[in-house]
Number of protein chains: 2
Amino acid sequence: MEPYELSLSDAAAAIAATELSPVELTDSVLGRIEAVEGDLNAFVTVTADLARASAAAAAEEIAHGGHRGPLHGIPIALKDLYDTAGVLTTSSSAVRATYVPERDSAVAERFAAAGAVLVGKTHTHEFAYGATTPTTRNPWDTTRVPGGSSGGSGAAVAAGECMVGMGSDTGGSIRIPASVCGVVGLKPTYGRVSRRGVASLSWSLDHVGPLTRTVRDAALTLNALAGYDRADPGSVDRPVPDFTALIGRDLTGMRVGVPTTYFTERLQDDVRASVAASVARLEALGATLVEVEVPMASQMAAVEWGLMLPEASAYHQEALRATPELFTAETRGLLDIGELVLATDYIKAQRVRGLVQAAWAEMFTSIDVLAAPTLTCTATLAGQDAVTWPDGSTESPTGTYVRFSQPANVTGLPSITVPTGVDAGGLPIGMQIVGRPFEEDVVIGVAAAYEADSGLGGQLAPLRRELATA
Amino acid sequence: MEPYELSLSDAAAAIAATELSPVELTDSVLGRIEAVEGDLNAFVTVTADLARASAAAAAEEIAHGGHRGPLHGIPIALKDLYDTAGVLTTSSSAVRATYVPERDSAVAERFAAAGAVLVGKTHTHEFAYGATTPTTRNPWDTTRVPGGSSGGSGAAVAAGECMVGMGSDTGGSIRIPASVCGVVGLKPTYGRVSRRGVASLSWSLDHVGPLTRTVRDAALTLNALAGYDRADPGSVDRPVPDFTALIGRDLTGMRVGVPTTYFTERLQDDVRASVAASVARLEALGATLVEVEVPMASQMAAVEWGLMLPEASAYHQEALRATPELFTAETRGLLDIGELVLATDYIKAQRVRGLVQAAWAEMFTSIDVLAAPTLTCTATLAGQDAVTWPDGSTESPTGTYVRFSQPANVTGLPSITVPTGVDAGGLPIGMQIVGRPFEEDVVIGVAAAYEADSGLGGQLAPLRRELATA
């Protein structure tokens, strides 16, 4: 096994035991990037020199007894929305083609403090405004999309190009690429991790969080990143627990909500079957299944888009007026629409959101977590315009991908996606575990129990099709 | 001394000692209402029969050892925005001329639980959208306005028609009538008291709170009303202290911020002098004065109106379309303007608000409270269109009244106003003490120390002019 194939947890244990050097690990990861980037294009920028210098510094520090913790010497990648001091930060947009921040984002600062090694900046759907990431391909099948908007991080983590890829999630943009790339994606509670220095799509819906190859890796990353930051107006001042604390517990007494609506409509049969089988495993592991109707499900899309459209347009307004031609036509079209929304409609979306949150809080009095398919379908083909359902209805790939993920954005609740297997075509399927506010430890515990039982933790993508013949 | 002249605290002590019966007290207050309402018109509805029944029930309960606490048997009034089960609730608008709620507002429920006696519903500027209360007159001079929008509660408390008058405060609507009517007004921190069942003006700026004749009375009322309520989306789940705890402490070590900007511009000389003398008293009482520049002062009005205009229009949208003729021209005009605001502008107002809050939080690292004039001027004449300043500029009465009060709405910080004396014409002046989030106990403590020193606690309005000759 090459070092790049290790999970974060295993690599961290090897580093702590001085069986593996951060330099050796980083070289292995950089070699992997060189081998597969031609097929995936997950990265906007690979910071190879910086990474080697960081790895050498980590090795030196650890050799002198200064081991900082599980992220010390671990290769990580940041979505290119995250400001990185002195490193190009494009948001995969021509608008920021030459933007080099002077200061790190809060997340980049925390990774640096933990001793992590930044290997590069990953591609996003332009400014995170979409769920396919047109620049990048899926390592399970390079004719297909890696999902999005954090598609670069999804592909990179799945292919072994880094051990953590950070994403951002406004309607599902961490969990979508995690699910279609067969890895773990964790969207924390709204306000749990600071977004200071991360380009905003929709500030009232934006969350930042990790994509990793195991549930424990996500928990270790959240341990390093969580905490109050006055510089993020959405940040919440809450105690930060050890997010690994419930890993390894069995599920006795855990009430798992199983939706009888919304998450049961218009989804691929393979996805439905895989997630149903996985939910049955949760019961076998000791959980009590509780059927629940999803409250106010019909309002999800209206609230999501009613908030996101004008918030995105407010954020990009100056650039849209100064250099509209630098946006892609797709993004510019969405920004133009957001300019037309009336404040009264936006306010009504906020009010309905409050009702949705109250209704979900009520649902969560009878359950501890909700288990549901992360997405309606597996990875679509690059360039595919629409998904067609048996009833004849169609959806855009972005539209269908966000349908099951956006409730956790509208509610702000923590949600983690874990792989549950593959469809008939060999493409990954994911199940999301949604929990109460600030109960990331609980969703992590349930996801870890499932992962341990399934044996699907830590998998790398098989790099099929073009890659297989390269 | 007639019972209606007592402060809440003194009446409560007399009731607890069985020296005063709630029936006798309520009869005295109802008699006072009968005597002065012809001149003041503070009430939309006087609930005399209900009040007598409540008082009798309280007397019975207390006689059998069931004394519930300081509000038991105390006559109180609610602004007519507060839903009261079975009692007309008009918001002083023809739109709700016949509206009788089925359920109490959260505040009405809490008063009922505390055993308070509702004597009536007080006038507001229509739907709280203005700061003068055209229906009602000021008991210090009945040719003048009582301020607003809680002008009915201000006049009623000052004239002895109730011991607590509840207000709501979106840009100053508790503190404005309190200041111009010579009583105490407490706007708690945003989220401290539930607004469930209170007609909304601007949900992100609305606060509810009491007007009383002493600082202790305000603290005792807040003790009964404060606490988390999931039914109010703005409610905050924070521990509720005893708000009287710091009353009686001296001010040694208290750092009082004295503004060198914003609150020093375009105000009446008598107001400036009275508040300066009062601030000097705080120093004599042990406080340390710290000069502060008010951060982001130029943004206050833009944020206040940028949020309030569209939020009010969203709240009233159905009624405005169904029965526009039932609104006054003034309110309808403001609601029409709010319909035109774009979501992007509203969102930018929210973002600037966040910056203002952060800047004020920074200011409050060097001070414990801020002391400033509550208003630029004393009570204007009924029908007066404008206030003219020496530099030739003019403001509407509402515009000038909110100028010094709205910062505590934009920031959400607790603010209490206390009387500091009268101007050359004998009209009351007020000083506000603003504190950190959820530090109502601190602003109450400072206000109480000032009040004890000034000897101005518990005063009734002199009922001058028409009333004096009645």
# chains A, B, ... in the order shown; residues from 1 in each chain; ligands from 1
$ closest_atom_pairs --of "chain A" --to "chain B" --cutoff "10 Å" --atoms "only C-alpha atoms" --output "Markdown table"
| residue | atom | partner | partner_atom | distance |
| --- | --- | --- | --- | --- |
| A:Trp203 | CA | B:Arg351 | CA | 9.5 |
| A:Arg230 | CA | B:Ala358 | CA | 7.6 |
| A:Ala231 | CA | B:Ala358 | CA | 8.0 |
| A:Asp232 | CA | B:Gly354 | CA | 9.2 |
| A:Pro233 | CA | B:Gly354 | CA | 6.2 |
| A:Gly234 | CA | B:Gly354 | CA | 9.4 |
| A:Gly306 | CA | B:Ala343 | CA | 9.7 |
| A:Leu307 | CA | B:Ala343 | CA | 9.1 |
| A:Leu309 | CA | B:Thr344 | CA | 9.3 |
| A:Pro310 | CA | B:Thr344 | CA | 5.5 |
| A:Glu311 | CA | B:Thr344 | CA | 6.6 |
| A:Ala312 | CA | B:Thr344 | CA | 8.7 |
| A:Ser313 | CA | B:Thr344 | CA | 6.6 |
| A:Ala314 | CA | B:Thr344 | CA | 4.7 |
| A:Tyr315 | CA | B:Thr344 | CA | 8.4 |
| A:Gln317 | CA | B:Thr344 | CA | 8.4 |
| A:Gly338 | CA | B:Thr344 | CA | 7.8 |
| A:Glu339 | CA | B:Thr344 | CA | 6.5 |
| A:Leu340 | CA | B:Leu342 | CA | 7.0 |
| A:Val341 | CA | B:Ala343 | CA | 5.6 |
| A:Leu342 | CA | B:Leu342 | CA | 4.4 |
| A:Ala343 | CA | B:Ala343 | CA | 3.7 |
| A:Thr344 | CA | B:Ala314 | CA | 4.7 |
| A:Asp345 | CA | B:Ala314 | CA | 7.4 |
| A:Tyr346 | CA | B:Ala343 | CA | 6.0 |
| A:Ile347 | CA | B:Glu311 | CA | 6.6 |
| A:Lys348 | CA | B:Ala314 | CA | 6.7 |
| A:Arg351 | CA | B:Pro233 | CA | 8.5 |
| A:Arg353 | CA | B:Pro233 | CA | 9.9 |
| A:Gly354 | CA | B:Pro233 | CA | 6.3 |
| A:Leu355 | CA | B:Pro233 | CA | 8.4 |
| A:Gln357 | CA | B:Pro233 | CA | 9.3 |
| A:Ala358 | CA | B:Arg230 | CA | 7.6 |
| A:Ala361 | CA | B:Arg230 | CA | 9.6 |
$ select_by_dssp --residues "region 63-136 of chain A" --states "strand (DSSP E)" --output "list in words"
Pro75, Ile76, Ala77, Leu78, Lys79, Val117, Leu118, Val119, Gly120, Lys121 and Thr122 of chain A
$ write_last_selection --atoms "N, CA, C and O atoms" --output "CSV table (one decimal), in the first residue's frame"
chain,number,residue,atom,x,y,z
A,75,PRO,N,-1.6,15.7,4.3
A,75,PRO,CA,-1.9,16.5,3.1
A,75,PRO,C,-3.4,16.8,2.9
A,75,PRO,O,-4.3,15.8,3.0
A,76,ILE,N,-3.7,18.0,2.8
A,76,ILE,CA,-5.1,18.4,2.7
A,76,ILE,C,-5.3,19.4,1.5
A,76,ILE,O,-4.3,20.0,1.0
A,77,ALA,N,-6.5,19.5,1.0
A,77,ALA,CA,-6.8,20.5,-0.1
A,77,ALA,C,-8.0,21.3,0.2
A,77,ALA,O,-8.9,20.9,0.9
A,78,LEU,N,-7.9,22.6,-0.2
A,78,LEU,CA,-9.0,23.5,0.0
A,78,LEU,C,-9.7,23.8,-1.3
A,78,LEU,O,-9.1,24.1,-2.3
A,79,LYS,N,-11.0,23.8,-1.3
A,79,LYS,CA,-11.8,24.3,-2.4
A,79,LYS,C,-11.3,25.7,-2.7
A,79,LYS,O,-11.0,26.5,-1.8
A,117,VAL,N,-0.7,20.0,5.9
A,117,VAL,CA,0.1,20.3,4.7
A,117,VAL,C,-0.9,20.6,3.5
A,117,VAL,O,-1.6,19.7,3.0
A,118,LEU,N,-0.9,21.8,3.0
A,118,LEU,CA,-1.8,22.2,1.9
A,118,LEU,C,-1.2,21.8,0.6
A,118,LEU,O,-0.1,22.2,0.3
A,119,VAL,N,-1.8,20.8,-0.1
A,119,VAL,CA,-1.3,20.4,-1.4
A,119,VAL,C,-1.9,21.1,-2.6
A,119,VAL,O,-1.4,21.0,-3.7
A,120,GLY,N,-3.0,21.8,-2.3
A,120,GLY,CA,-3.6,22.6,-3.5
A,120,GLY,C,-5.0,23.0,-3.2
A,120,GLY,O,-5.6,22.8,-2.2
A,121,LYS,N,-5.4,23.7,-4.3
A,121,LYS,CA,-6.8,24.4,-4.3
A,121,LYS,C,-7.6,23.6,-5.3
A,121,LYS,O,-7.2,23.5,-6.5
A,122,THR,N,-8.8,23.2,-4.9
A,122,THR,CA,-9.6,22.4,-5.8
A,122,THR,C,-10.7,23.1,-6.5
A,122,THR,O,-11.2,24.2,-6.0
$ residues_around --residues "Pro139 (chain A)" --least-positions-apart "2" --cutoff "6 Å" --atoms "only C-alpha atoms" --output "MDAnalysis selection string"
chainID A and resid 141:142 461 463
$ residues_around --residues "Thr420 (chain B)" --least-positions-apart "5" --cutoff "7 Å" --atoms "only C-alpha atoms" --output "list of chain:residue names"
B:Ser274, B:Val275, B:Ser278, B:Ile429, B:Gly430, B:Met431
$ select_by_dssp --residues "region 101-295 of chain B" --states "alpha helix (DSSP H)" --output "VMD selection string"
chain B and resid 106 to 114 151 to 159 175 to 180 215 to 225 269 to 284
$ atom_distance --atom1 "CA of Pro295 (chain A)" --atom2 "CA of Tyr262 (chain A)"
9.2 Å
$ atom_distance --atom1 "CA of Ala359 (chain A)" --atom2 "CA of Val294 (chain A)"
9.0 Å
$ decode --residues "region 200-311 of chain A" --atoms "C-alpha atoms" --output "short mmCIF file (atom, residue, chain, number, x, y, z; two decimals), in the first residue's frame"
data_model
loop_
_atom_site.label_atom_id
_atom_site.label_comp_id
_atom_site.auth_asym_id
_atom_site.auth_seq_id
_atom_site.Cartn_x
_atom_site.Cartn_y
_atom_site.Cartn_z
CA SER A 200 -20.02 33.36 -0.24
CA LEU A 201 -22.81 31.93 -2.33
CA SER A 202 -25.69 32.51 0.09
CA TRP A 203 -24.62 33.59 3.54
CA SER A 204 -27.73 32.33 5.33
CA LEU A 205 -27.37 28.86 3.77
CA ASP A 206 -23.57 28.48 3.40
CA HIS A 207 -21.75 25.89 5.50
CA VAL A 208 -18.12 24.75 5.29
CA GLY A 209 -16.96 21.22 6.07
CA PRO A 210 -14.74 18.30 5.06
CA LEU A 211 -14.82 15.47 2.53
CA THR A 212 -12.75 12.47 3.66
CA ARG A 213 -12.40 8.73 3.08
CA THR A 214 -13.64 7.68 6.54
CA VAL A 215 -16.09 8.98 9.11
CA ARG A 216 -13.37 9.21 11.75
CA ASP A 217 -11.32 11.36 9.39
CA ALA A 218 -14.23 13.79 9.13
CA ALA A 219 -14.57 13.89 12.92
CA LEU A 220 -10.86 14.55 13.41
CA THR A 221 -11.02 17.36 10.88
CA LEU A 222 -14.06 18.92 12.54
CA ASN A 223 -12.22 18.77 15.87
CA ALA A 224 -9.57 21.03 14.35
CA LEU A 225 -11.96 23.44 12.63
CA ALA A 226 -15.00 23.94 14.88
CA GLY A 227 -15.42 26.95 17.11
CA TYR A 228 -16.88 30.42 17.45
CA ASP A 229 -15.53 33.26 15.32
CA ARG A 230 -16.91 36.74 15.75
CA ALA A 231 -15.71 37.56 12.23
CA ASP A 232 -18.40 35.27 10.76
CA PRO A 233 -21.82 36.83 11.46
CA GLY A 234 -23.39 33.35 11.25
CA SER A 235 -20.99 31.79 13.74
CA VAL A 236 -22.56 30.43 16.92
CA ASP A 237 -20.83 30.48 20.31
CA ARG A 238 -21.37 26.89 21.50
CA PRO A 239 -19.13 24.46 23.35
CA VAL A 240 -17.12 22.23 21.00
CA PRO A 241 -17.12 18.55 22.03
CA ASP A 242 -14.74 15.79 20.85
CA PHE A 243 -16.52 14.77 17.66
CA THR A 244 -15.00 11.27 17.76
CA ALA A 245 -16.55 10.57 21.16
CA LEU A 246 -19.46 8.43 19.93
CA ILE A 247 -17.48 6.46 17.33
CA GLY A 248 -17.49 2.79 18.26
CA ARG A 249 -20.70 2.88 20.31
CA ASP A 250 -23.44 0.52 19.24
CA LEU A 251 -26.80 1.96 18.25
CA THR A 252 -28.93 0.58 21.07
CA GLY A 253 -31.59 3.12 21.96
CA MET A 254 -30.92 5.27 18.91
CA ARG A 255 -34.19 6.31 17.23
CA VAL A 256 -33.61 6.54 13.50
CA GLY A 257 -36.25 8.37 11.49
CA VAL A 258 -37.13 6.74 8.19
CA PRO A 259 -38.96 9.14 5.87
CA THR A 260 -42.19 7.99 4.27
CA THR A 261 -42.41 11.09 2.05
CA TYR A 262 -40.19 13.46 0.04
CA PHE A 263 -37.04 11.28 0.17
CA THR A 264 -39.12 8.47 -1.36
CA GLU A 265 -40.15 10.30 -4.52
CA ARG A 266 -38.47 10.27 -7.95
CA LEU A 267 -35.21 8.48 -7.18
CA GLN A 268 -33.29 5.70 -8.92
CA ASP A 269 -34.29 2.17 -7.91
CA ASP A 270 -30.70 1.20 -7.11
CA VAL A 271 -30.40 4.18 -4.79
CA ARG A 272 -33.67 3.35 -3.08
CA ALA A 273 -32.69 -0.30 -2.60
CA SER A 274 -29.17 0.42 -1.36
CA VAL A 275 -30.30 2.96 1.22
CA ALA A 276 -33.20 0.75 2.36
CA ALA A 277 -30.75 -2.10 2.92
CA SER A 278 -28.45 0.24 4.82
CA VAL A 279 -31.28 1.46 7.05
CA ALA A 280 -32.09 -2.19 7.78
CA ARG A 281 -28.47 -2.63 8.89
CA LEU A 282 -28.89 0.28 11.33
CA GLU A 283 -31.76 -1.64 12.88
CA ALA A 284 -29.63 -4.77 13.02
CA LEU A 285 -27.02 -2.70 14.84
CA GLY A 286 -29.52 -1.86 17.58
CA ALA A 287 -31.31 1.22 16.33
CA THR A 288 -35.08 1.63 16.53
CA LEU A 289 -36.61 2.66 13.21
CA VAL A 290 -39.37 5.28 13.38
CA GLU A 291 -41.34 6.16 10.26
CA VAL A 292 -41.73 9.93 9.85
CA GLU A 293 -43.51 12.21 7.42
CA VAL A 294 -41.18 14.98 6.33
CA PRO A 295 -42.80 18.26 7.41
CA MET A 296 -43.20 21.19 5.02
CA ALA A 297 -41.38 19.29 2.30
CA SER A 298 -43.12 21.22 -0.45
CA GLN A 299 -41.53 24.47 0.78
CA MET A 300 -37.89 23.37 0.58
CA ALA A 301 -37.06 24.47 -2.95
CA ALA A 302 -38.94 27.77 -2.64
CA VAL A 303 -37.06 28.67 0.54
CA GLU A 304 -33.69 27.51 -0.81
CA TRP A 305 -33.96 29.47 -4.04
CA GLY A 306 -35.81 32.40 -2.48
CA LEU A 307 -32.86 32.99 -0.18
CA MET A 308 -30.00 31.95 -2.44
CA LEU A 309 -30.86 33.88 -5.60
CA PRO A 310 -30.87 37.38 -4.08
CA GLU A 311 -28.10 36.67 -1.56
#
